[in-house]
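Novice: upload11.txt is reproduced in full below (compact mmCIF, C-alpha atoms and all ligand atoms).
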```
# COMPACT_ATOMS: atom_id res chain seq x y z
CA MET V 1 50.07 195.78 -42.54
CA SER V 2 51.57 194.98 -45.91
CA THR V 3 55.14 193.94 -46.60
CA LEU V 4 57.53 196.48 -48.02
CA PRO V 5 58.32 196.26 -51.71
CA LYS V 6 61.39 194.29 -52.73
CA GLU V 7 63.37 197.31 -53.93
CA VAL V 8 63.81 198.61 -50.38
CA THR V 9 65.45 195.44 -49.17
CA ALA V 10 68.98 196.81 -49.58
CA GLY V 11 70.01 194.54 -52.41
CA ILE V 12 69.26 191.34 -50.53
CA ASP V 13 67.09 188.72 -52.18
CA VAL V 14 65.66 187.35 -48.95
CA GLU V 15 63.40 184.75 -50.53
CA ARG V 16 66.33 183.34 -52.47
CA LEU V 17 68.58 183.29 -49.38
CA ARG V 18 65.91 181.55 -47.32
CA GLU V 19 66.23 178.61 -49.72
CA ASP V 20 69.65 178.04 -48.16
CA PHE V 21 68.09 177.46 -44.72
CA PRO V 22 66.02 174.24 -44.79
CA VAL V 23 65.14 174.66 -41.12
CA LEU V 24 63.10 177.77 -41.97
CA LYS V 25 60.78 175.82 -44.27
CA GLN V 26 59.02 173.87 -41.53
CA THR V 27 55.73 174.46 -39.81
CA VAL V 28 55.45 174.62 -36.02
CA HIS V 29 52.09 173.88 -34.39
CA GLY V 30 50.66 173.91 -37.91
CA LYS V 31 51.93 177.44 -38.69
CA PRO V 32 54.92 178.47 -40.82
CA LEU V 33 57.95 178.88 -38.55
CA VAL V 34 58.85 182.50 -37.87
CA TYR V 35 62.33 182.31 -36.35
CA LEU V 36 63.07 185.44 -34.34
CA ASP V 37 65.71 184.05 -31.98
CA SER V 38 68.92 184.53 -33.93
CA ALA V 39 70.62 186.41 -31.08
CA ALA V 40 70.50 183.14 -29.11
CA THR V 41 71.74 181.14 -32.07
CA ALA V 42 71.54 181.81 -35.79
CA GLN V 43 70.31 179.23 -38.27
CA LYS V 44 72.86 177.51 -40.48
CA PRO V 45 72.87 177.58 -44.28
CA VAL V 46 73.27 174.28 -46.19
CA HIS V 47 76.81 175.36 -47.05
CA VAL V 48 77.78 174.98 -43.38
CA VAL V 49 75.96 171.68 -42.98
CA ASP V 50 77.61 170.38 -46.18
CA ALA V 51 81.09 171.44 -45.09
CA ILE V 52 80.70 169.60 -41.80
CA ARG V 53 79.30 166.53 -43.53
CA HIS V 54 82.12 166.59 -46.08
CA PHE V 55 84.68 166.64 -43.28
CA HIS V 56 83.09 163.63 -41.59
CA GLU V 57 82.44 161.68 -44.78
CA VAL V 58 85.62 162.40 -46.72
CA ASP V 59 88.45 164.09 -44.83
CA CYS V 60 88.00 163.01 -41.21
CA ALA V 61 91.32 162.84 -39.37
CA ASN V 62 93.02 164.55 -36.49
CA ILE V 63 94.95 167.66 -37.43
CA HIS V 64 98.49 169.04 -37.07
CA ARG V 65 100.13 165.69 -36.33
CA GLY V 66 99.64 163.48 -39.34
CA VAL V 67 101.66 163.05 -42.49
CA HIS V 68 98.90 161.03 -44.11
CA GLU V 69 96.63 162.50 -46.75
CA LEU V 70 93.46 162.77 -44.66
CA SER V 71 95.24 164.54 -41.83
CA GLN V 72 96.83 166.93 -44.30
CA ARG V 73 93.45 167.72 -45.82
CA SER V 74 91.77 168.19 -42.42
CA THR V 75 94.59 170.42 -41.23
CA ALA V 76 94.45 172.53 -44.39
CA ALA V 77 90.67 172.97 -44.13
CA TYR V 78 90.82 173.86 -40.43
CA GLU V 79 93.72 176.29 -40.84
CA GLU V 80 92.04 177.85 -43.87
CA THR V 81 89.31 179.01 -41.49
CA ARG V 82 91.93 180.89 -39.51
CA ALA V 83 92.84 182.74 -42.71
CA LYS V 84 89.15 183.49 -43.28
CA VAL V 85 88.76 184.82 -39.75
CA LYS V 86 91.81 187.02 -40.31
CA ARG V 87 90.05 188.62 -43.28
CA PHE V 88 86.71 188.74 -41.45
CA LEU V 89 88.15 190.68 -38.50
CA ASN V 90 90.99 192.33 -40.43
CA ALA V 91 93.54 190.96 -37.98
CA LYS V 92 97.19 191.58 -38.80
CA SER V 93 98.19 187.96 -38.58
CA LYS V 94 96.63 184.50 -38.32
CA SER V 95 98.70 183.88 -35.20
CA GLU V 96 96.60 186.47 -33.35
CA LEU V 97 93.51 184.27 -33.73
CA ILE V 98 92.86 181.54 -31.19
CA PHE V 99 90.11 179.02 -31.66
CA VAL V 100 87.96 178.67 -28.55
CA ARG V 101 84.52 177.21 -27.80
CA GLY V 102 82.83 180.58 -28.09
CA THR V 103 82.71 184.07 -26.63
CA THR V 104 82.41 182.72 -23.09
CA GLU V 105 85.62 180.76 -23.40
CA GLY V 106 87.34 183.66 -25.16
CA ILE V 107 86.67 185.91 -22.18
CA ASN V 108 87.59 183.22 -19.67
CA LEU V 109 90.86 182.67 -21.49
CA VAL V 110 91.71 186.34 -21.04
CA THR V 111 90.67 186.53 -17.39
CA SER V 112 92.52 183.29 -16.56
CA SER V 113 95.70 183.90 -18.50
CA TRP V 114 96.15 187.67 -18.90
CA GLY V 115 94.17 188.44 -15.74
CA ARG V 116 96.01 186.14 -13.37
CA LYS V 117 99.33 187.49 -14.57
CA ASN V 118 98.51 191.19 -14.75
CA VAL V 119 95.79 192.03 -12.25
CA ASN V 120 96.79 192.62 -8.65
CA GLN V 121 95.31 193.77 -5.37
CA GLY V 122 93.87 197.27 -5.66
CA ASP V 123 93.62 197.17 -9.47
CA GLU V 124 90.36 197.98 -11.20
CA ILE V 125 88.44 196.39 -14.07
CA ILE V 126 85.66 198.26 -15.85
CA ILE V 127 82.72 196.55 -17.51
CA SER V 128 79.40 198.07 -18.60
CA ALA V 129 75.87 197.98 -17.23
CA MET V 130 74.60 196.02 -20.23
CA GLU V 131 76.98 193.05 -20.20
CA HIS V 132 76.03 189.46 -20.79
CA HIS V 133 76.82 187.30 -17.75
CA SER V 134 79.78 185.89 -19.65
CA ASN V 135 81.41 189.31 -19.56
CA ILE V 136 80.58 189.86 -15.89
CA VAL V 137 81.18 186.65 -13.99
CA PRO V 138 84.72 185.82 -15.21
CA TRP V 139 85.84 189.36 -14.25
CA GLN V 140 84.11 189.05 -10.87
CA MET V 141 85.90 185.76 -10.27
CA LEU V 142 89.22 187.36 -11.17
CA CYS V 143 88.58 190.39 -8.96
CA GLU V 144 87.63 188.14 -6.03
CA GLU V 145 90.77 186.08 -6.44
CA LYS V 146 93.05 189.10 -6.74
CA GLY V 147 91.42 191.61 -4.45
CA ALA V 148 90.70 193.89 -7.41
CA THR V 149 87.60 196.04 -7.87
CA LEU V 150 84.96 195.76 -10.57
CA ARG V 151 83.51 199.07 -11.78
CA VAL V 152 80.49 199.47 -14.02
CA ILE V 153 79.81 202.08 -16.73
CA PRO V 154 76.20 203.17 -16.17
CA MET V 155 73.60 203.64 -18.91
CA ASN V 156 70.57 205.85 -19.52
CA ASP V 157 66.92 204.85 -19.97
CA ARG V 158 67.39 204.29 -23.68
CA GLY V 159 70.11 201.75 -22.96
CA GLU V 160 73.06 203.94 -24.00
CA LEU V 161 76.30 204.00 -22.03
CA LEU V 162 77.14 207.25 -20.26
CA LEU V 163 80.58 208.05 -21.53
CA ASP V 164 81.03 211.02 -19.19
CA GLU V 165 80.56 208.66 -16.26
CA TYR V 166 82.92 206.18 -17.89
CA GLU V 167 85.56 208.91 -18.13
CA LYS V 168 85.27 209.45 -14.38
CA LEU V 169 85.79 205.73 -13.66
CA LEU V 170 89.07 205.57 -15.55
CA ASN V 171 92.19 206.04 -13.45
CA PRO V 172 95.76 204.72 -13.23
CA ARG V 173 94.53 201.60 -11.39
CA THR V 174 92.27 200.62 -14.32
CA LYS V 175 93.77 197.57 -15.98
CA MET V 176 91.04 196.51 -18.39
CA VAL V 177 87.83 197.81 -19.91
CA ALA V 178 85.64 194.93 -21.12
CA PHE V 179 82.39 195.66 -22.91
CA ALA V 180 79.91 194.38 -25.47
CA HIS V 181 80.16 195.79 -28.98
CA VAL V 182 76.42 195.16 -29.31
CA SER V 183 74.13 194.34 -26.37
CA ASN V 184 72.20 191.07 -26.64
CA ALA V 185 69.42 192.27 -24.34
CA LEU V 186 68.95 195.78 -25.75
CA GLY V 187 70.49 195.82 -29.22
CA THR V 188 72.56 198.91 -28.37
CA ILE V 189 75.60 199.37 -30.60
CA ASN V 190 78.27 200.78 -28.34
CA PRO V 191 80.82 203.32 -29.63
CA ALA V 192 83.60 200.77 -29.43
CA ARG V 193 86.34 202.86 -31.03
CA ARG V 194 85.76 205.68 -28.57
CA ILE V 195 85.52 203.43 -25.51
CA ILE V 196 88.78 201.74 -26.48
CA GLU V 197 90.53 205.05 -27.15
CA MET V 198 89.52 206.33 -23.71
CA ALA V 199 90.75 203.11 -22.08
CA HIS V 200 94.09 203.40 -23.84
CA ARG V 201 94.48 207.04 -22.84
CA ALA V 202 94.13 205.91 -19.23
CA GLY V 203 96.74 203.21 -19.77
CA ALA V 204 94.24 200.33 -19.70
CA LEU V 205 93.58 197.57 -22.21
CA ALA V 206 90.23 196.88 -23.85
CA LEU V 207 88.42 193.63 -24.54
CA VAL V 208 85.40 193.67 -26.83
CA ASP V 209 82.68 191.03 -26.61
CA GLY V 210 81.72 190.75 -30.27
CA ALA V 211 79.13 187.97 -29.93
CA GLN V 212 76.27 190.15 -31.15
CA ALA V 213 78.25 192.45 -33.43
CA THR V 214 79.91 190.01 -35.81
CA PRO V 215 76.62 188.71 -37.32
CA HIS V 216 75.40 192.22 -38.09
CA ALA V 217 78.21 194.63 -38.89
CA LYS V 218 81.70 194.89 -40.31
CA VAL V 219 84.30 194.46 -37.59
CA ASP V 220 87.85 195.70 -38.05
CA VAL V 221 89.98 194.95 -35.02
CA GLN V 222 92.83 197.11 -36.27
CA ALA V 223 90.62 200.14 -36.89
CA LEU V 224 89.07 199.61 -33.45
CA ASP V 225 92.53 199.12 -31.95
CA ALA V 226 90.97 196.42 -29.73
CA ASP V 227 93.42 194.52 -27.56
CA PHE V 228 91.14 191.50 -27.44
CA TYR V 229 88.02 190.76 -29.48
CA THR V 230 85.98 187.59 -29.21
CA PHE V 231 82.96 186.06 -30.91
CA SER V 232 80.97 182.82 -31.22
CA GLY V 233 80.65 180.86 -34.47
CA HIS V 234 77.07 179.80 -33.83
CA LYS V 235 75.83 183.39 -33.88
CA VAL V 236 77.43 184.04 -37.29
CA PHE V 237 75.58 181.15 -38.96
CA GLY V 238 78.28 178.61 -38.06
CA PRO V 239 78.13 175.61 -35.74
CA THR V 240 78.09 175.60 -31.95
CA GLY V 241 81.23 174.84 -29.96
CA ILE V 242 83.59 177.04 -31.98
CA GLY V 243 84.55 180.67 -31.62
CA VAL V 244 87.53 182.95 -31.85
CA LEU V 245 89.59 185.09 -29.54
CA TYR V 246 91.63 187.77 -31.25
CA GLY V 247 94.50 189.25 -29.27
CA LYS V 248 97.38 191.54 -30.16
CA THR V 249 100.56 189.54 -30.68
CA LYS V 250 102.54 191.35 -28.03
CA LEU V 251 99.90 190.64 -25.39
CA LEU V 252 99.37 187.01 -26.37
CA ASN V 253 103.10 186.35 -26.39
CA ALA V 254 103.42 187.67 -22.87
CA MET V 255 100.54 185.58 -21.53
CA PRO V 256 100.94 182.12 -19.96
CA PRO V 257 99.08 179.19 -21.55
CA TYR V 258 95.43 178.78 -20.66
CA GLN V 259 95.35 174.98 -20.61
CA GLY V 260 98.11 172.41 -20.83
CA GLY V 261 98.10 169.32 -23.03
CA GLY V 262 98.85 168.08 -26.50
CA ASP V 263 99.46 170.45 -29.41
CA MET V 264 100.41 173.45 -27.26
CA ILE V 265 104.01 172.42 -26.65
CA LYS V 266 107.39 172.50 -28.35
CA VAL V 267 109.26 170.08 -26.09
CA VAL V 268 108.10 168.19 -23.01
CA THR V 269 110.42 166.66 -20.45
CA PHE V 270 109.64 165.88 -16.84
CA ALA V 271 111.96 168.69 -15.89
CA LYS V 272 110.46 171.38 -18.12
CA THR V 273 108.06 172.03 -20.97
CA THR V 274 108.47 174.70 -23.60
CA TYR V 275 105.38 176.02 -25.27
CA ALA V 276 104.38 176.25 -28.91
CA ASP V 277 104.32 179.56 -30.76
CA LEU V 278 101.11 181.51 -31.26
CA PRO V 279 98.34 180.67 -31.70
CA TYR V 280 98.93 177.03 -30.70
CA LYS V 281 100.20 177.92 -27.24
CA PHE V 282 96.54 178.52 -26.36
CA GLU V 283 95.05 175.54 -28.20
CA ALA V 284 95.60 172.46 -26.05
CA GLY V 285 94.14 169.13 -27.14
CA THR V 286 92.18 168.05 -30.17
CA PRO V 287 90.08 171.04 -31.16
CA ASN V 288 86.60 171.22 -32.64
CA ILE V 289 87.85 170.43 -36.13
CA ALA V 290 84.42 170.02 -37.73
CA GLY V 291 83.27 173.21 -36.02
CA GLY V 292 86.26 175.14 -37.31
CA ILE V 293 85.61 173.96 -40.85
CA GLY V 294 81.91 174.80 -40.49
CA LEU V 295 82.80 178.28 -39.27
CA GLY V 296 84.92 178.80 -42.38
CA ALA V 297 81.93 177.90 -44.56
CA ALA V 298 79.73 180.30 -42.57
CA LEU V 299 82.15 183.20 -43.04
CA ASP V 300 82.35 182.45 -46.77
CA TYR V 301 78.57 182.56 -46.88
CA VAL V 302 78.35 185.89 -45.03
CA ASN V 303 81.02 187.34 -47.31
CA ARG V 304 79.15 186.26 -50.40
CA ILE V 305 76.08 188.20 -49.27
CA GLY V 306 78.18 191.09 -47.94
CA ILE V 307 78.13 192.19 -44.32
CA GLU V 308 77.33 195.79 -45.36
CA GLN V 309 74.26 194.56 -47.26
CA ILE V 310 73.24 192.49 -44.26
CA SER V 311 73.58 195.52 -41.98
CA ALA V 312 71.57 197.77 -44.28
CA TYR V 313 68.76 195.26 -44.72
CA GLU V 314 68.51 194.43 -41.03
CA HIS V 315 68.41 198.12 -40.24
CA GLN V 316 65.30 198.43 -42.41
CA LEU V 317 63.74 195.42 -40.69
CA LEU V 318 64.55 196.90 -37.29
CA GLU V 319 63.03 200.29 -38.14
CA TYR V 320 59.93 198.62 -39.52
CA GLY V 321 59.61 196.42 -36.42
CA THR V 322 60.24 199.31 -34.04
CA LEU V 323 57.46 201.37 -35.61
CA ALA V 324 55.07 198.44 -35.69
CA LEU V 325 55.67 197.36 -32.08
CA SER V 326 55.63 200.93 -30.76
CA ALA V 327 52.11 201.31 -32.14
CA ILE V 328 50.76 198.47 -29.97
CA PRO V 329 49.02 199.88 -26.87
CA GLY V 330 50.45 198.55 -23.60
CA LEU V 331 53.73 197.43 -25.19
CA ARG V 332 56.97 199.01 -24.00
CA LEU V 333 60.20 198.57 -25.90
CA ILE V 334 63.20 197.93 -23.66
CA GLY V 335 66.27 199.34 -25.38
CA THR V 336 65.70 202.34 -27.60
CA ALA V 337 69.27 203.44 -28.23
CA ARG V 338 69.84 205.67 -31.23
CA GLU V 339 72.42 203.21 -32.52
CA LYS V 340 70.81 199.79 -32.47
CA ALA V 341 71.05 196.42 -34.16
CA ALA V 342 68.71 193.50 -34.73
CA VAL V 343 67.00 193.28 -31.33
CA LEU V 344 63.41 194.11 -30.36
CA SER V 345 63.03 193.55 -26.61
CA PHE V 346 59.72 194.43 -25.01
CA VAL V 347 57.38 194.01 -22.09
CA MET V 348 53.57 194.17 -22.06
CA GLU V 349 51.39 195.56 -19.36
CA GLY V 350 49.96 192.80 -17.16
CA ILE V 351 51.30 189.87 -19.22
CA HIS V 352 54.37 187.90 -18.20
CA PRO V 353 56.98 187.47 -20.96
CA HIS V 354 56.85 183.70 -20.48
CA ASP V 355 53.12 183.74 -21.35
CA ILE V 356 53.81 185.95 -24.36
CA GLY V 357 56.46 183.51 -25.58
CA THR V 358 54.15 180.53 -25.08
CA VAL V 359 51.24 182.06 -27.02
CA LEU V 360 53.60 183.20 -29.80
CA ASP V 361 55.08 179.71 -30.01
CA LYS V 362 51.60 178.28 -30.60
CA GLN V 363 51.52 180.53 -33.66
CA GLY V 364 54.87 179.23 -34.90
CA ILE V 365 56.76 182.31 -33.74
CA ALA V 366 60.05 181.63 -31.94
CA VAL V 367 61.13 184.43 -29.61
CA ARG V 368 63.18 184.32 -26.42
CA THR V 369 61.77 185.23 -23.05
CA GLY V 370 63.69 185.67 -19.82
CA HIS V 371 66.63 187.69 -18.59
CA HIS V 372 68.82 186.87 -21.62
CA CYS V 373 71.80 186.23 -19.34
CA ALA V 374 71.76 189.94 -18.50
CA GLN V 375 70.09 190.09 -15.09
CA PRO V 376 71.59 193.50 -14.22
CA VAL V 377 69.89 194.93 -17.34
CA MET V 378 66.53 193.57 -16.16
CA GLU V 379 67.14 195.06 -12.74
CA PHE V 380 67.99 198.45 -14.26
CA PHE V 381 64.74 198.54 -16.25
CA ASN V 382 62.89 197.14 -13.27
CA VAL V 383 61.42 194.20 -15.17
CA PRO V 384 61.73 190.50 -14.29
CA ALA V 385 62.28 189.54 -17.91
CA THR V 386 61.57 190.67 -21.46
CA THR V 387 60.35 189.10 -24.66
CA ARG V 388 63.06 189.41 -27.26
CA ALA V 389 62.59 189.14 -31.01
CA SER V 390 66.00 189.11 -32.67
CA LEU V 391 66.60 189.45 -36.36
CA ALA V 392 68.84 188.10 -39.07
CA PHE V 393 69.04 188.74 -42.81
CA TYR V 394 66.77 185.74 -43.50
CA ASN V 395 63.86 187.42 -41.72
CA THR V 396 61.22 189.22 -43.77
CA PHE V 397 58.93 192.17 -43.32
CA GLY V 398 56.10 189.64 -43.49
CA GLU V 399 57.53 187.92 -40.42
CA ILE V 400 57.47 191.20 -38.52
CA ASP V 401 53.81 191.49 -39.53
CA ALA V 402 53.30 187.96 -38.19
CA LEU V 403 54.91 188.98 -34.89
CA VAL V 404 52.62 191.99 -34.62
CA ALA V 405 49.57 189.82 -35.37
CA GLY V 406 50.87 187.29 -32.81
CA ILE V 407 51.16 189.94 -30.13
CA LYS V 408 47.61 191.07 -30.86
CA LYS V 409 46.55 187.48 -30.33
CA VAL V 410 48.44 187.44 -27.00
CA LYS V 411 46.44 190.48 -25.95
CA GLU V 412 43.16 188.78 -26.88
CA VAL V 413 44.08 185.67 -24.90
CA PHE V 414 44.95 187.69 -21.79
CA ALA V 415 42.29 190.37 -22.18
C1 LIG X 501 76.68 189.72 -25.90
C2 LIG X 501 76.98 188.27 -25.64
N1 LIG X 501 78.12 187.93 -25.07
C3 LIG X 501 78.45 186.65 -24.83
C4 LIG X 501 77.61 185.63 -25.14
C5 LIG X 501 78.01 184.23 -24.85
O1 LIG X 501 78.18 183.53 -26.03
P1 LIG X 501 78.43 181.95 -26.01
O2 LIG X 501 77.34 181.36 -25.16
O3 LIG X 501 78.34 181.56 -27.44
O4 LIG X 501 79.79 181.73 -25.43
C6 LIG X 501 76.38 185.92 -25.73
C7 LIG X 501 75.40 184.86 -26.02
O5 LIG X 501 74.23 185.07 -26.09
C8 LIG X 501 76.06 187.28 -26.00
O6 LIG X 501 74.91 187.62 -26.56
```
Would you write the structure of this file as structure tokens?
Ligand SMILES: Cc1ncc(COP(=O)(O)O)c(C=O)c1O

Specialist:
Amino acid sequence: MSTLPKEVTAGIDVERLREDFPVLKQTVHGKPLVYLDSAATAQKPVHVVDAIRHFHEVDCANIHRGVHELSQRSTAAYEETRAKVKRFLNAKSKSELIFVRGTTEGINLVTSSWGRKNVNQGDEIIISAMEHHSNIVPWQMLCEEKGATLRVIPMNDRGELLLDEYEKLLNPRTKMVAFAHVSNALGTINPARRIIEMAHRAGALALVDGAQATPHAKVDVQALDADFYTFSGHKVFGPTGIGVLYGKTKLLNAMPPYQGGGDMIKVVTFAKTTYADLPYKFEAGTPNIAGGIGLGAALDYVNRIGIEQISAYEHQLLEYGTLALSAIPGLRLIGTAREKAAVLSFVMEGIHPHDIGTVLDKQGIAVRTGHHCAQPVMEFFNVPATTRASLAFYNTFGEIDALVAGIKKVKEVFA
């Protein structure tokens, strides 16, 4: 199979961009690295690495509490990221954006703070059949604590949510609908605007898990009318340990703090503490300052390329990969939604995904095998695990060819 000509690559100069990712230049087991695991974590451009190094080498100080020059610089750089996130998500205000460790913490913040206050015995929470464990377990914990019920929007064999069934689940007891914008296990892009609209019509709120959407498509929280939206920095080419929870001001203001400590207070006495204004009410303790600054650099980088260009290019890669993998006898794609992003999950007749991953690794190809923290999805498709190749804009058509050749090798080994 030959690579597609440059002119179809949606205005992205992939070879040039790959220069920004030193990690991609290495060989693994003597073969050029083919990194197809960006859904687990994306690689970081030098701009992110440099921003973090600059913080540690030049500006390093704690933020928000210092009058000295270094603290002022660190604070400005960290808070500048909040302004960048505001533009990235099109939030109304910076105060609606809370820095968290990642999507998991964003969801846990909502279940702990909003959930404990607003969910009561007999209430219902709706999630979907394709959620990551981080958008299942916190809701289960809340429901157990409160005597509430967890309902699940079912999906079809392509991995598309059944909105008619969803409609039937909604009722006056529904308090929250929490769902993935894009599924990590299947790649399905869910119709977020519609799901949110339906939740609102039933009087419920909606939380969107944006972990897999933000690296691949333009997100506009106001156009979506999401009540909460959360994502992880490390999946948008930023560092680990930093992420964002967006929440509407009115909701955040009415929620109790998530954790207590320094930085989240106005006045502390032994008799009573008053809390800081948004967003600091939810940001107790010294945050991940370097991570926040690195995330800012990552968003700058994505903006320079253009998220629309990234989407268009990845779509071509995905179509190319889907055709190529579908042509391999004995290979079954898991997740064939009509609206899909960046994920090629598959199983192969008679070969365990773990063995597929191991043989591919020997050829320098990094894919993920397992349940992808979505065990209910595996159960639905009646497979113990899948092999997942996940894409980013730095992947090439040649790398898809390498994956196809690698899978042929797997078949030879296990023939
Ligand atoms: C859809 C989805 N939600 C949530 C998460 C959890 O993200 P994190 O581990 O960064 O908190 C992931 C991570 O893979 C994901 O893919």

Novice: Within 9 Å of ligand LIG 501 (chain X), counting all atoms listed in the file, which protein or nucleic acid residues do you find, written as a PyMOL selection string?

Specialist: chain V and resi 39-41+101-107+130-135+179-185+209-213+230-235+240-243+372-374

Novice: How many Å separate CA of Gly66 (chain V) from CA of Gln259 (chain V)?

Specialist: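 So the two atoms, CA of Gly66 (chain V) and CA of Gln259 (chain V), lie 22.4 Å apart.
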
Novice: Could you pull the residues within 12 Å of Ala192 (chain V), counting all atoms listed in the file, minus those fewer than 5 positions along the same chain, as a PDB file with C-alpha atoms, in the frame of the given file?

Specialist:
```
ATOM      1  CA  SER V 128      79.400 198.070 -18.600  1.00  0.00           C
ATOM      2  CA  LEU V 161      76.300 204.000 -22.030  1.00  0.00           C
ATOM      3  CA  LEU V 163      80.580 208.050 -21.530  1.00  0.00           C
ATOM      4  CA  VAL V 177      87.830 197.810 -19.910  1.00  0.00           C
ATOM      5  CA  ALA V 178      85.640 194.930 -21.120  1.00  0.00           C
ATOM      6  CA  PHE V 179      82.390 195.660 -22.910  1.00  0.00           C
ATOM      7  CA  ALA V 180      79.910 194.380 -25.470  1.00  0.00           C
ATOM      8  CA  HIS V 181      80.160 195.790 -28.980  1.00  0.00           C
ATOM      9  CA  VAL V 182      76.420 195.160 -29.310  1.00  0.00           C
ATOM     10  CA  SER V 183      74.130 194.340 -26.370  1.00  0.00           C
ATOM     11  CA  GLU V 197      90.530 205.050 -27.150  1.00  0.00           C
ATOM     12  CA  MET V 198      89.520 206.330 -23.710  1.00  0.00           C
ATOM     13  CA  ALA V 199      90.750 203.110 -22.080  1.00  0.00           C
ATOM     14  CA  ALA V 206      90.230 196.880 -23.850  1.00  0.00           C
ATOM     15  CA  LEU V 207      88.420 193.630 -24.540  1.00  0.00           C
ATOM     16  CA  VAL V 208      85.400 193.670 -26.830  1.00  0.00           C
ATOM     17  CA  ASP V 209      82.680 191.030 -26.610  1.00  0.00           C
ATOM     18  CA  GLY V 210      81.720 190.750 -30.270  1.00  0.00           C
ATOM     19  CA  ALA V 213      78.250 192.450 -33.430  1.00  0.00           C
ATOM     20  CA  VAL V 219      84.300 194.460 -37.590  1.00  0.00           C
ATOM     21  CA  ASP V 220      87.850 195.700 -38.050  1.00  0.00           C
ATOM     22  CA  VAL V 221      89.980 194.950 -35.020  1.00  0.00           C
ATOM     23  CA  ALA V 223      90.620 200.140 -36.890  1.00  0.00           C
ATOM     24  CA  LEU V 224      89.070 199.610 -33.450  1.00  0.00           C
ATOM     25  CA  ASP V 225      92.530 199.120 -31.950  1.00  0.00           C
ATOM     26  CA  ALA V 226      90.970 196.420 -29.730  1.00  0.00           C
ATOM     27  CA  ASP V 227      93.420 194.520 -27.560  1.00  0.00           C
ATOM     28  CA  TYR V 229      88.020 190.760 -29.480  1.00  0.00           C
ATOM     29  CA  GLU V 339      72.420 203.210 -32.520  1.00  0.00           C
TER      30      GLU V 339
END
```

Novice: List the neighbours of Asp300 (chain V) out to 10 Å using all atoms listed in the file; skip same-chain residues closer than 5 positions along the sequence, and give me the result as a list in words.

Specialist: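 With the cut-off at 10 Å, the set is His47, Val48, Thr81, Lys84, Val85, Phe88, Gly294, Leu295, Ile305 and Gly306 of chain V.
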
Novice: What's the separation between CA of Ser113 (chain V) and CA of Gly203 (chain V), in Å to one decimal place?

Specialist: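 We find that CA of Ser113 (chain V) and CA of Gly203 (chain V) lie 19.4 Å from each other.
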
Novice: Please measure the separation of CA of Thr387 (chain V) and CA of Ile356 (chain V), giving the value in Å to one decimal.

Specialist: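 Computing the Euclidean distance for CA of Thr387 (chain V) and CA of Ile356 (chain V) yields 7.3 Å.
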
Novice: Rank V:Gln222, V:Gln375, V:Gln140, V:Thr75 by their smallest atom-to-atom distance to Thr286 (chain V), using only C-alpha atoms, and report the top residue only.

Specialist: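 The shortest atom-to-atom distance to Thr286 (chain V) comes from V:Thr75.
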
Novice: Find the residue from V:Gly335, V:Pro376, V:Gly291, V:Pro353 that sits nearest to Val244 (chain V); use all atoms listed in the file when measuring.

Specialist: V:Gly291
